[in-house]
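Working notes for the structure below.
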Amino acid sequence: MKYLLSLLVIFVVLDGILTRFLIDGDLAREGNPLLQRLVGEDAFLVIKAVGALLCAFILWDIYKHFPRLARVVTWCCVIFYSGIVLWNSSFFL
């Protein structure tokens, strides 16, 4: 579970980095209206990293009480974010 949560945090941060490069290069736009204004700010990556770590800690706490549920939710999030990272990476090709 630790490796899975680490992978989730890495994917979320990688999504933030790729999004920042794509937005700065006018290759894409942010789809999340809550983060749309923050993408150009320095705090954007900090917010993404802190949010990802907070989610990982919450999922770890859930894992202690409901391990199967936490694994399923974490796997779903990892698959979702890997899709986002692949989508964002496709703009560089």
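Just remember, in the structure tokens the first chain shown is A, the second B, etc., residues are 1-based per chain, and ligands are 1-based in the order shown.
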- Item | Residues flagged helix (DSSP H, G or I) by DSSP in chain A, as a ChimeraX atom specification | /A:2-24,43-65,67-90
- Item | Shell of 6 Å around Ala56 of chain A, only C-alpha atoms, local chain residues under 3 positions omitted, as an NGL selection string | :A and (5 or 53 or 59)
Serialized selection, C-alpha atoms, as a PDB file, in the first residue's frame:
ATOM      1  CA  LEU A   5       0.223   5.677  -2.302  1.00  0.00           C
ATOM      2  CA  LEU A  53       0.049  14.061   0.429  1.00  0.00           C
ATOM      3  CA  LEU A  59      -6.123   6.801   2.466  1.00  0.00           C
TER       4      LEU A  59
END
- Mind pulling up the distance from atom CA of Val85 of chain A to atom CA of Phe44 of chain A? 16.6 Å
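With only C-alpha atoms as the atoms that count, the minimum distance from Ile10 of chain A to the choices A:Val73, A:Ile79, A:Ala49, A:Ile84 is reached by A:Ala49.
Separating atom CA of Phe91 of chain A from atom CA of Gly25 of chain A is a distance of 10.7 Å.
Atom CA of Leu93 of chain A is found 20.7 Å from atom CA of Val12 of chain A.
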- Message: List as a PyMOL selection string the protein and nucleic acid residues near Leu22 of chain A, meaning an atom at most 12 Å away when only C-alpha atoms are counted, but skip any in the same chain fewer than 2 places from it.
- Response: chain A and resi 15-20+24-30+39-40+85+87-92
Any chance you can output those residues with C-alpha atoms as an mmCIF file, in the first residue's frame?
data_model
loop_
_atom_site.group_PDB
_atom_site.id
_atom_site.type_symbol
_atom_site.label_atom_id
_atom_site.label_comp_id
_atom_site.auth_asym_id
_atom_site.auth_seq_id
_atom_site.Cartn_x
_atom_site.Cartn_y
_atom_site.Cartn_z
ATOM 1 C CA ASP A 15 0.235 16.016 -13.527
ATOM 2 C CA GLY A 16 0.841 19.428 -11.980
ATOM 3 C CA ILE A 17 4.254 19.779 -13.605
ATOM 4 C CA LEU A 18 2.984 18.741 -17.032
ATOM 5 C CA THR A 19 -0.052 20.991 -16.718
ATOM 6 C CA ARG A 20 2.153 23.955 -15.852
ATOM 7 C CA ASP A 24 2.818 28.141 -20.100
ATOM 8 C CA GLY A 25 3.395 26.935 -23.669
ATOM 9 C CA ASP A 26 -0.217 27.680 -24.698
ATOM 10 C CA LEU A 27 -0.644 24.023 -25.661
ATOM 11 C CA ALA A 28 -3.589 23.335 -23.359
ATOM 12 C CA ARG A 29 -5.848 24.794 -20.695
ATOM 13 C CA GLU A 30 -6.762 23.665 -17.195
ATOM 14 C CA VAL A 39 -2.017 27.247 -12.771
ATOM 15 C CA GLY A 40 0.242 30.196 -13.575
ATOM 16 C CA VAL A 85 -0.469 11.929 -17.118
ATOM 17 C CA TRP A 87 -3.049 12.372 -21.849
ATOM 18 C CA ASN A 88 -0.918 15.369 -20.856
ATOM 19 C CA SER A 89 2.212 13.670 -22.164
ATOM 20 C CA SER A 90 0.567 13.107 -25.547
ATOM 21 C CA PHE A 91 0.587 16.866 -26.165
ATOM 22 C CA PHE A 92 4.391 16.780 -26.266
#
